[in-house]
file input_36.csv (CSV, C-alpha atoms and all ligand atoms)
chain,number,residue,atom,x,y,z
A,5,MET,CA,135.6,-100.0,114.4
A,6,ARG,CA,135.8,-103.7,113.5
A,7,LEU,CA,136.2,-104.3,117.2
A,8,ASP,CA,132.7,-102.9,117.8
A,9,PRO,CA,130.5,-106.0,118.3
A,10,ARG,CA,127.9,-104.2,116.2
A,11,PHE,CA,130.2,-104.1,113.1
A,12,GLU,CA,128.7,-107.1,111.2
A,13,GLY,CA,125.2,-105.8,111.4
A,14,SER,CA,125.8,-102.1,110.9
A,15,ALA,CA,125.8,-100.6,107.4
A,16,THR,CA,127.4,-97.4,108.8
A,17,LEU,CA,130.3,-99.1,110.5
A,18,GLN,CA,131.0,-101.2,107.5
A,19,SER,CA,130.8,-98.1,105.2
A,20,LEU,CA,133.1,-96.1,107.5
A,21,GLY,CA,135.5,-99.1,107.4
A,22,ARG,CA,135.9,-98.6,103.6
A,23,MET,CA,136.5,-94.9,103.8
A,24,LEU,CA,139.8,-93.1,103.3
A,25,THR,CA,139.8,-91.7,106.8
A,26,PHE,CA,139.7,-95.1,108.3
A,27,ILE,CA,142.1,-97.2,106.2
A,28,ASP,CA,145.9,-97.6,106.3
A,29,PRO,CA,148.5,-97.7,103.5
A,30,PRO,CA,148.9,-99.2,101.0
A,31,ASP,CA,145.1,-99.1,100.5
A,32,HIS,CA,145.0,-95.5,101.6
A,33,THR,CA,147.8,-94.5,99.3
A,34,ARG,CA,146.1,-96.2,96.3
A,35,LEU,CA,142.8,-94.5,97.0
A,36,ARG,CA,144.4,-91.0,97.6
A,37,LYS,CA,146.3,-91.3,94.3
A,38,LEU,CA,143.2,-92.1,92.3
A,39,VAL,CA,141.1,-89.5,94.0
A,40,SER,CA,143.6,-86.7,93.7
A,41,ARG,CA,143.5,-87.2,89.9
A,42,ALA,CA,139.8,-86.0,90.0
A,43,PHE,CA,139.7,-83.8,93.1
A,44,THR,CA,141.8,-80.9,91.8
A,45,PRO,CA,141.9,-77.2,92.9
A,46,MET,CA,140.4,-76.4,89.4
A,47,VAL,CA,137.3,-78.5,90.2
A,48,ILE,CA,136.8,-76.5,93.4
A,49,ASP,CA,137.6,-73.2,91.7
A,50,ARG,CA,134.7,-73.7,89.2
A,51,LEU,CA,132.3,-73.5,92.2
A,52,ARG,CA,133.4,-70.0,93.2
A,53,ILE,CA,130.5,-68.1,91.6
A,54,TYR,CA,128.0,-70.8,92.7
A,55,ILE,CA,129.1,-70.4,96.3
A,56,ARG,CA,129.0,-66.6,96.1
A,57,ASP,CA,125.4,-66.7,94.8
A,58,LEU,CA,124.4,-69.3,97.4
A,59,VAL,CA,125.8,-67.2,100.3
A,60,GLY,CA,124.0,-64.2,98.9
A,61,SER,CA,120.7,-66.0,98.6
A,62,LEU,CA,121.0,-67.1,102.2
A,63,LEU,CA,121.8,-63.7,103.5
A,64,ASP,CA,118.9,-62.0,101.7
A,65,PRO,CA,116.2,-63.1,104.0
A,66,LEU,CA,118.3,-62.3,107.1
A,67,GLU,CA,118.9,-58.9,105.8
A,68,GLU,CA,115.3,-58.3,104.8
A,69,THR,CA,113.8,-59.4,108.2
A,70,GLY,CA,116.7,-58.2,110.3
A,71,THR,CA,116.5,-61.4,112.3
A,72,GLY,CA,117.5,-65.0,112.0
A,73,ASP,CA,119.7,-67.7,113.2
A,74,LEU,CA,123.2,-67.9,111.7
A,75,VAL,CA,123.6,-71.6,112.3
A,76,SER,CA,120.2,-73.0,111.1
A,77,ASP,CA,119.4,-70.3,108.5
A,78,PHE,CA,122.9,-69.9,107.1
A,79,ALA,CA,125.9,-72.1,108.1
A,80,ASP,CA,123.8,-75.3,108.0
A,81,HIS,CA,122.9,-74.8,104.3
A,82,ILE,CA,126.3,-74.2,102.9
A,83,PRO,CA,128.4,-77.4,103.1
A,84,VAL,CA,126.0,-80.0,101.9
A,85,THR,CA,124.6,-77.8,99.1
A,86,VAL,CA,128.2,-77.0,97.9
A,87,ILE,CA,129.5,-80.6,98.1
A,88,CYS,CA,126.3,-81.8,96.3
A,89,GLU,CA,127.0,-79.3,93.6
A,90,LEU,CA,130.6,-80.4,93.4
A,91,LEU,CA,129.6,-84.0,93.0
A,92,GLY,CA,126.8,-83.2,90.5
A,93,VAL,CA,123.9,-84.3,92.7
A,94,PRO,CA,120.7,-82.9,91.2
A,95,HIS,CA,119.2,-79.9,93.2
A,96,GLU,CA,116.0,-81.7,94.1
A,97,ASP,CA,118.1,-84.3,96.0
A,98,HIS,CA,120.1,-81.9,98.1
A,99,ALA,CA,117.6,-81.9,101.0
A,100,ARG,CA,117.8,-85.7,101.5
A,101,CYS,CA,121.6,-85.7,101.3
A,102,TYR,CA,121.5,-83.2,104.1
A,103,GLU,CA,119.3,-85.4,106.2
A,104,TRP,CA,121.4,-88.5,105.6
A,105,SER,CA,124.6,-86.7,106.3
A,106,GLU,CA,123.3,-85.3,109.5
A,107,ALA,CA,122.2,-88.8,110.7
A,108,ILE,CA,125.6,-90.2,109.9
A,109,SER,CA,127.6,-87.3,111.4
A,110,LEU,CA,126.3,-88.3,114.9
A,111,THR,CA,128.3,-91.5,114.6
A,112,VAL,CA,131.7,-89.7,114.4
A,113,GLU,CA,132.1,-90.1,118.1
A,114,TYR,CA,134.2,-92.2,120.4
A,115,VAL,CA,131.0,-93.7,121.9
A,116,VAL,CA,128.0,-94.2,119.7
A,117,PRO,CA,124.6,-95.1,121.3
A,118,ASP,CA,122.5,-97.8,119.6
A,119,GLU,CA,119.8,-95.3,118.7
A,120,ALA,CA,122.2,-93.0,116.8
A,121,LEU,CA,123.8,-96.0,115.1
A,122,ASN,CA,120.4,-97.4,114.0
A,123,ALA,CA,119.4,-94.0,112.5
A,124,ALA,CA,122.8,-93.8,110.8
A,125,ASP,CA,122.4,-97.3,109.4
A,126,GLU,CA,119.1,-96.4,107.7
A,127,ALA,CA,120.7,-93.2,106.3
A,128,THR,CA,123.8,-95.1,105.1
A,129,SER,CA,121.7,-97.7,103.2
A,130,ALA,CA,119.6,-95.0,101.6
A,131,TYR,CA,122.7,-93.0,100.7
A,132,GLU,CA,124.5,-96.0,99.2
A,133,ALA,CA,121.5,-97.0,97.1
A,134,TYR,CA,121.1,-93.4,95.9
A,135,PHE,CA,124.7,-93.1,94.8
A,136,ARG,CA,124.7,-96.4,93.1
A,137,GLY,CA,121.8,-95.1,91.0
A,138,LEU,CA,123.6,-91.8,90.3
A,139,ILE,CA,126.9,-93.6,89.4
A,140,ALA,CA,125.0,-95.8,86.9
A,141,GLU,CA,123.5,-92.6,85.3
A,142,ARG,CA,126.9,-90.9,85.1
A,143,ARG,CA,128.6,-93.9,83.6
A,144,SER,CA,126.2,-93.7,80.7
A,145,ALA,CA,126.9,-90.0,80.2
A,146,LEU,CA,129.9,-88.5,82.0
A,147,GLY,CA,129.6,-84.8,83.0
A,148,ASP,CA,132.1,-82.3,84.3
A,149,ASP,CA,131.2,-82.9,88.0
A,150,LEU,CA,133.4,-84.6,90.5
A,151,LEU,CA,131.5,-87.9,90.5
A,152,SER,CA,132.1,-88.2,86.8
A,153,GLY,CA,135.8,-87.3,87.4
A,154,LEU,CA,136.1,-90.0,90.1
A,155,ILE,CA,134.4,-92.6,87.8
A,156,ALA,CA,136.9,-91.7,85.0
A,157,ALA,CA,140.0,-91.4,87.3
A,158,ASN,CA,142.5,-94.1,86.5
A,159,ASP,CA,146.3,-94.7,86.4
A,160,ASN,CA,146.1,-97.1,83.4
A,161,THR,CA,146.0,-100.2,85.5
A,162,ASP,CA,143.7,-99.2,88.3
A,163,ARG,CA,140.4,-97.3,88.9
A,164,LEU,CA,137.9,-96.9,91.7
A,165,THR,CA,135.4,-99.8,92.2
A,166,GLU,CA,131.7,-99.0,92.6
A,167,ASP,CA,131.9,-99.6,96.4
A,168,GLU,CA,134.9,-97.2,96.6
A,169,LEU,CA,133.0,-94.6,94.5
A,170,VAL,CA,130.0,-94.8,96.8
A,171,SER,CA,132.2,-94.6,99.9
A,172,MET,CA,134.0,-91.6,98.6
A,173,ALA,CA,130.9,-89.7,97.7
A,174,VAL,CA,129.4,-90.4,101.2
A,175,LEU,CA,132.7,-89.5,102.9
A,176,LEU,CA,133.0,-86.2,101.1
A,177,LEU,CA,129.5,-85.2,102.1
A,178,GLY,CA,130.1,-86.3,105.7
A,179,ALA,CA,133.7,-84.9,106.1
A,180,GLY,CA,132.8,-81.5,104.7
A,181,PHE,CA,129.5,-81.1,106.6
A,182,GLU,CA,130.0,-80.8,110.3
A,183,THR,CA,133.5,-79.3,109.9
A,184,THR,CA,132.5,-76.5,107.6
A,185,ARG,CA,129.2,-75.5,109.2
A,186,ASN,CA,130.8,-75.4,112.6
A,187,LEU,CA,133.8,-73.4,111.4
A,188,ILE,CA,131.4,-70.8,109.9
A,189,GLY,CA,129.3,-70.7,113.1
A,190,SER,CA,132.2,-70.4,115.6
A,191,GLY,CA,134.2,-68.1,113.3
A,192,LEU,CA,131.2,-65.7,113.2
A,193,LEU,CA,130.8,-65.9,116.9
A,194,ALA,CA,134.5,-65.1,117.5
A,195,MET,CA,134.1,-62.1,115.3
A,196,LEU,CA,130.9,-60.9,117.0
A,197,ARG,CA,132.7,-61.1,120.3
A,198,ASN,CA,135.6,-59.1,119.0
A,199,PRO,CA,133.9,-56.1,117.2
A,200,ALA,CA,137.2,-54.3,116.7
A,201,GLU,CA,138.6,-57.2,114.8
A,202,LEU,CA,135.4,-57.6,112.8
A,203,ALA,CA,135.6,-54.0,111.8
A,204,GLN,CA,139.1,-54.5,110.6
A,205,LEU,CA,138.0,-57.5,108.5
A,206,ARG,CA,135.2,-55.5,107.0
A,207,ASP,CA,137.6,-52.8,106.0
A,208,ASP,CA,140.3,-55.1,104.6
A,209,PRO,CA,139.0,-58.3,103.1
A,210,SER,CA,142.5,-59.4,102.3
A,211,LEU,CA,142.8,-60.3,106.0
A,212,ILE,CA,140.2,-63.0,105.7
A,213,ARG,CA,142.4,-65.9,104.6
A,214,GLY,CA,144.6,-65.4,107.7
A,215,ALA,CA,141.5,-65.0,109.9
A,216,VAL,CA,140.0,-68.3,108.7
A,217,GLU,CA,143.3,-70.0,109.6
A,218,GLU,CA,143.0,-68.4,113.0
A,219,PHE,CA,139.4,-69.5,113.4
A,220,LEU,CA,140.5,-73.1,112.7
A,221,ARG,CA,143.1,-72.8,115.4
A,222,TYR,CA,141.1,-70.9,117.9
A,223,GLU,CA,137.9,-73.0,117.8
A,224,PRO,CA,138.8,-76.1,115.7
A,225,PRO,CA,135.6,-77.9,114.4
A,226,VAL,CA,137.4,-81.2,114.7
A,227,GLN,CA,138.6,-81.4,118.3
A,228,THR,CA,140.1,-84.9,118.2
A,229,ALA,CA,141.5,-86.7,115.3
A,230,VAL,CA,140.0,-90.0,114.1
A,231,ALA,CA,141.0,-92.6,116.7
A,232,ARG,CA,144.2,-94.5,115.9
A,233,PHE,CA,144.8,-98.1,117.0
A,234,ALA,CA,148.4,-99.1,117.7
A,235,LEU,CA,149.0,-102.3,115.6
A,236,ARG,CA,152.3,-102.8,117.5
A,237,ASP,CA,154.3,-101.1,120.3
A,238,VAL,CA,155.4,-97.7,119.0
A,239,GLU,CA,157.3,-94.9,120.6
A,240,VAL,CA,156.0,-91.3,120.1
A,241,ASP,CA,158.1,-88.5,121.4
A,242,GLY,CA,159.7,-90.7,124.1
A,243,VAL,CA,156.3,-92.2,125.2
A,244,LEU,CA,155.6,-95.9,124.6
A,245,VAL,CA,152.2,-96.6,123.1
A,246,PRO,CA,151.7,-100.3,123.6
A,247,GLU,CA,150.1,-102.5,120.9
A,248,GLY,CA,146.4,-102.4,121.1
A,249,THR,CA,146.1,-98.9,122.6
A,250,ILE,CA,143.5,-96.6,121.1
A,251,VAL,CA,145.0,-93.1,120.6
A,252,GLY,CA,143.0,-89.9,120.2
A,253,ALA,CA,145.2,-87.0,119.2
A,254,VAL,CA,143.6,-83.8,120.6
A,255,ILE,CA,143.9,-81.2,117.8
A,256,ALA,CA,142.1,-78.6,120.0
A,257,ALA,CA,144.8,-78.9,122.7
A,258,ALA,CA,147.7,-78.7,120.1
A,259,ASN,CA,146.1,-75.6,118.7
A,260,ARG,CA,146.4,-73.9,122.1
A,261,ASP,CA,149.8,-75.2,122.9
A,262,PRO,CA,151.4,-72.4,125.0
A,263,ALA,CA,154.8,-73.4,123.8
A,264,ARG,CA,153.7,-72.5,120.3
A,265,PHE,CA,151.0,-69.9,120.4
A,266,LEU,CA,151.0,-66.7,122.5
A,267,ARG,CA,147.4,-66.5,123.4
A,268,PRO,CA,144.4,-68.4,122.3
A,269,ARG,CA,142.4,-65.5,120.9
A,270,PRO,CA,141.0,-64.6,117.5
A,271,GLY,CA,142.5,-61.7,115.8
A,272,ARG,CA,146.1,-62.9,115.4
A,273,HIS,CA,145.3,-62.0,111.7
A,274,ARG,CA,145.7,-58.4,112.8
A,275,SER,CA,149.3,-58.7,113.7
A,276,ALA,CA,150.2,-61.9,111.9
A,277,ARG,CA,151.9,-61.2,108.7
A,278,GLN,CA,151.8,-64.9,107.9
A,279,PRO,CA,148.9,-67.1,108.8
A,280,PRO,CA,149.5,-68.8,112.1
A,281,ARG,CA,150.8,-72.3,111.7
A,282,SER,CA,148.0,-74.5,112.9
A,283,PRO,CA,147.8,-78.3,113.4
A,284,SER,CA,144.3,-78.0,111.8
A,285,PRO,CA,144.4,-78.6,108.1
A,286,PRO,CA,144.9,-75.6,105.9
A,287,ALA,CA,141.6,-73.9,105.0
A,288,SER,CA,142.6,-73.3,101.4
A,289,THR,CA,139.6,-75.3,100.1
A,290,THR,CA,137.1,-73.6,102.4
A,291,ALA,CA,138.4,-70.1,102.6
A,292,SER,CA,138.6,-67.6,99.9
A,293,ALA,CA,139.8,-64.0,100.2
A,294,PRO,CA,136.6,-62.4,99.0
A,295,GLN,CA,136.8,-61.1,95.5
A,296,TRP,CA,133.2,-60.1,96.3
A,297,PRO,CA,132.1,-56.6,95.9
A,298,GLY,CA,129.3,-56.9,98.4
A,299,TRP,CA,131.5,-58.2,101.1
A,300,LYS,CA,131.6,-55.1,103.3
A,301,ALA,CA,128.0,-54.3,103.0
A,302,ARG,CA,127.0,-57.9,103.8
A,303,SER,CA,129.4,-58.8,106.5
A,304,PRO,CA,127.8,-59.0,110.0
A,305,SER,CA,126.8,-55.7,111.3
A,306,ILE,CA,123.7,-56.5,113.4
A,307,PRO,CA,124.6,-56.9,117.1
A,308,PRO,CA,124.1,-60.4,118.6
A,309,SER,CA,120.9,-60.8,120.7
A,310,GLY,CA,122.7,-62.0,123.8
A,311,ALA,CA,121.0,-65.4,123.8
A,312,SER,CA,123.3,-68.2,124.8
A,313,PRO,CA,123.3,-71.2,122.4
A,314,GLY,CA,124.9,-74.4,123.5
A,315,TRP,CA,128.0,-76.4,122.6
A,316,PRO,CA,126.6,-79.9,122.7
A,317,SER,CA,129.0,-82.3,124.3
A,318,SER,CA,131.2,-84.2,121.9
A,319,MET,CA,134.8,-85.4,122.0
A,320,THR,CA,135.3,-85.0,118.4
A,321,ILE,CA,133.2,-82.1,116.9
A,322,ARG,CA,132.9,-78.6,118.3
A,323,ARG,CA,129.3,-78.1,117.4
A,324,CYS,CA,128.0,-74.6,117.5
A,325,ALA,CA,124.3,-75.1,118.1
A,326,THR,CA,121.1,-73.1,118.3
A,327,PRO,CA,119.5,-73.1,121.8
A,328,ALA,CA,116.2,-74.9,122.5
A,329,PRO,CA,113.2,-74.1,120.3
A,330,SER,CA,112.2,-71.1,122.5
A,331,GLY,CA,115.4,-69.5,121.3
A,332,ARG,CA,114.1,-69.1,117.7
A,333,THR,CA,113.7,-65.4,118.2
A,334,LEU,CA,117.5,-64.9,118.1
A,335,ALA,CA,118.6,-61.7,116.4
A,336,ALA,CA,120.6,-62.1,113.2
A,337,HIS,CA,124.2,-63.1,113.6
A,338,SER,CA,123.7,-64.3,117.1
A,339,ALA,CA,123.6,-68.0,116.6
A,340,CYS,CA,126.5,-68.8,118.9
A,341,ALA,CA,126.6,-66.0,121.4
A,401,LIG,C1,136.6,-76.5,108.2
A,401,LIG,C2,136.6,-77.5,107.4
A,401,LIG,C3,137.3,-78.8,107.6
A,401,LIG,C4,138.0,-79.3,108.7
A,401,LIG,C5,138.3,-78.6,110.0
A,401,LIG,C6,138.5,-80.6,108.4
A,401,LIG,C7,139.3,-81.4,109.2
A,401,LIG,C8,139.8,-82.6,108.9
A,401,LIG,C9,140.7,-83.4,109.7
A,401,LIG,C10,141.2,-83.0,111.1
A,401,LIG,C11,141.0,-84.5,109.0
A,401,LIG,C12,142.0,-85.6,109.4
A,401,LIG,C13,141.2,-86.7,110.2
A,401,LIG,C14,142.1,-87.7,110.8
A,401,LIG,O1,142.9,-88.4,110.0
A,401,LIG,O2,142.1,-87.9,112.0
A,401,LIG,C15,140.3,-84.5,107.7
A,401,LIG,C16,140.4,-85.4,106.7
A,401,LIG,C17,139.6,-85.4,105.6
A,401,LIG,N1,138.8,-84.4,105.2
A,401,LIG,FE1,138.5,-82.6,106.1
A,401,LIG,N2,138.1,-80.9,107.1
A,401,LIG,C18,137.3,-79.9,106.6
A,401,LIG,C19,136.7,-79.8,105.4
A,401,LIG,C20,136.6,-80.8,104.5
A,401,LIG,C21,135.8,-80.7,103.3
A,401,LIG,C22,135.0,-79.5,102.8
A,401,LIG,C23,136.0,-81.9,102.7
A,401,LIG,C24,135.5,-82.5,101.3
A,401,LIG,C25,134.5,-81.9,100.6
A,401,LIG,C26,136.9,-82.8,103.5
A,401,LIG,C27,137.3,-84.0,103.2
A,401,LIG,C28,138.2,-84.7,104.0
A,401,LIG,C29,138.7,-86.0,103.6
A,401,LIG,C30,138.4,-86.8,102.3
A,401,LIG,C31,139.6,-86.4,104.6
A,401,LIG,C32,140.4,-87.8,104.6
A,401,LIG,C33,141.8,-87.5,104.0
A,401,LIG,C34,142.7,-88.8,104.1
A,401,LIG,O3,142.5,-89.6,105.0
A,401,LIG,O4,143.5,-88.9,103.2
A,401,LIG,N3,137.2,-82.0,104.6
A,401,LIG,N4,139.6,-83.3,107.7
call {"tool": "encode", "arguments": {"input": "input_36.csv", "output": "structure tokens"}}
result
Amino acid sequence: MRLDPRFEGSATLQSLGRMLTFIDPPDHTRLRKLVSRAFTPMVIDRLRIYIRDLVGSLLDPLEETGTGDLVSDFADHIPVTVICELLGVPHEDHARCYEWSEAISLTVEYVVPDEALNAADEATSAYEAYFRGLIAERRSALGDDLLSGLIAANDNTDRLTEDELVSMAVLLLGAGFETTRNLIGSGLLAMLRNPAELAQLRDDPSLIRGAVEEFLRYEPPVQTAVARFALRDVEVDGVLVPEGTIVGAVIAAANRDPARFLRPRPGRHRSARQPPRSPSPPASTTASAPQWPGWKARSPSIPPSGASPGWPSSMTIRRCATPAPSGRTLAAHSACA
């Protein structure tokens, strides 16, 4: 990133350069240690009811009208809303966080055009100013949200600086956004294309945890890991990676490695007694075996319209996208047919 000649003038590249995903130990170790004090499973667990109600409120209009777009009317709204809630961002600010996250997400590519970077720079500056304000507010009255937890996190001698707090908030909103919305979109698509397996899931919600692991393997939202840059000659599995080489590990290929997986199809949950071991990260923070009485009634039952949405070209993110505006008449649950 620092090799990009635009680095000095770009708020986005500089902000990315401070983020957990782009730094090495010992800085990475230090940040992870502080963050894991605040970002605990309990913090996420507290959101369970909020998420259930949010999902219900997004499904209501789809059910009432019998038509809609599962990406733009449903999947799109979940990640930013939930992460904002997690961080303690006031509801009236969720929409702008969505816009800023969307602008920044387009820069998570191996090649970023000037136009996309300029839009992301504006969003990054606005995001950072916003979080500086929110951090100041929280410092004067800590709450039970994650931002307050991050402000308070310390190991007696060390705590996150204001810049680190801002980067962490923006990272969480960015890292959970494209990943989760695309997992929801492509997972639903896989199910719609495999009605027998969908029927099994509707009948036995306990299969969901394994199914989400399988969606991650079958259609991983993150196709290629964050690019690595060899600081010295290094040998990986007998292959020399010379100093200075940029390495992109292709998670999507590893997830379909024929030496490891029988067939790249959804539905391994059916026979798999254990979730398939996937190089994608475990979905335990995103998946929840539904303890949701309405699950069966509300799981997708309307057939897809047959429209063919696109998979916009990207080396990093598998984006499940709605087709051109004329495709707005898609039947419910058909967003990625
Ligand atoms: C389907 C959902 C998700 C997928 C597929 C996914 C995928 C990934 C991958 C592949 C990485 C490693 C990137 C690399 O080093 O090359 C990563 C890192 C990370 N993700 Fe996610 N992610 C998901 C959801 C989330 C959510 C919801 C959050 C936060 C709210 C999040 C926060 C992070 C953070 C902070 C890192 C950096 C960890 C570190 O470097 O120590 N992710 N994610």
call {"tool": "closest_atom_pairs", "arguments": {"input": "input_36.csv", "of": "chain A", "to": "ligand LIG 401 (chain A)", "cutoff": "6 Å", "atoms": "all atoms listed in the file", "output": "CSV"}}
result
residue,atom,partner,partner_atom,distance
A:Leu24,CA,A:LIG401,O3,4.7
A:Thr25,CA,A:LIG401,O3,3.9
A:Ile87,CA,A:LIG401,C25,5.7
A:Leu176,CA,A:LIG401,C24,4.5
A:Ala179,CA,A:LIG401,C26,4.6
A:Gly180,CA,A:LIG401,C21,3.4
A:Thr183,CA,A:LIG401,C2,4.4
A:Thr184,CA,A:LIG401,C1,4.1
A:Leu187,CA,A:LIG401,C1,5.3
A:Pro225,CA,A:LIG401,C5,5.2
A:Val226,CA,A:LIG401,C5,5.4
A:Ala229,CA,A:LIG401,O2,3.6
A:Val230,CA,A:LIG401,O2,3.6
A:Ser284,CA,A:LIG401,C10,5.9
A:Pro285,CA,A:LIG401,C7,5.9
call {"tool": "closest_residue", "arguments": {"input": "input_36.csv", "among": "A:Leu91, A:Leu146, A:Ala215, A:Leu138", "to": "Ile188 (chain A)", "atoms": "only C-alpha atoms"}}
result
A:Ala215
call {"tool": "closest_residue", "arguments": {"input": "input_36.csv", "among": "A:Ala130, A:Leu58, A:Leu74, A:Ile53", "to": "Thr16 (chain A)", "atoms": "only C-alpha atoms"}}
result
A:Ala130
call {"tool": "atom_distance", "arguments": {"input": "input_36.csv", "atom1": "CA of Ile108 (chain A)", "atom2": "CA of Ala15 (chain A)"}}
result
10.7 Å
call {"tool": "atom_distance", "arguments": {"input": "input_36.csv", "atom1": "CA of Thr128 (chain A)", "atom2": "CA of Ala253 (chain A)"}}
result
26.9 Å
call {"tool": "atom_distance", "arguments": {"input": "input_36.csv", "atom1": "CA of Trp315 (chain A)", "atom2": "CA of Asn198 (chain A)"}}
result
19.2 Å
call {"tool": "residues_around", "arguments": {"input": "input_36.csv", "residues": "region 234-250 of chain A", "least_positions_apart": "5", "cutoff": "12 Å", "atoms": "all atoms listed in the file", "output": "list in words"}}
result
Met5, Leu7, Asp28, Tyr114 and Ala229 of chain A
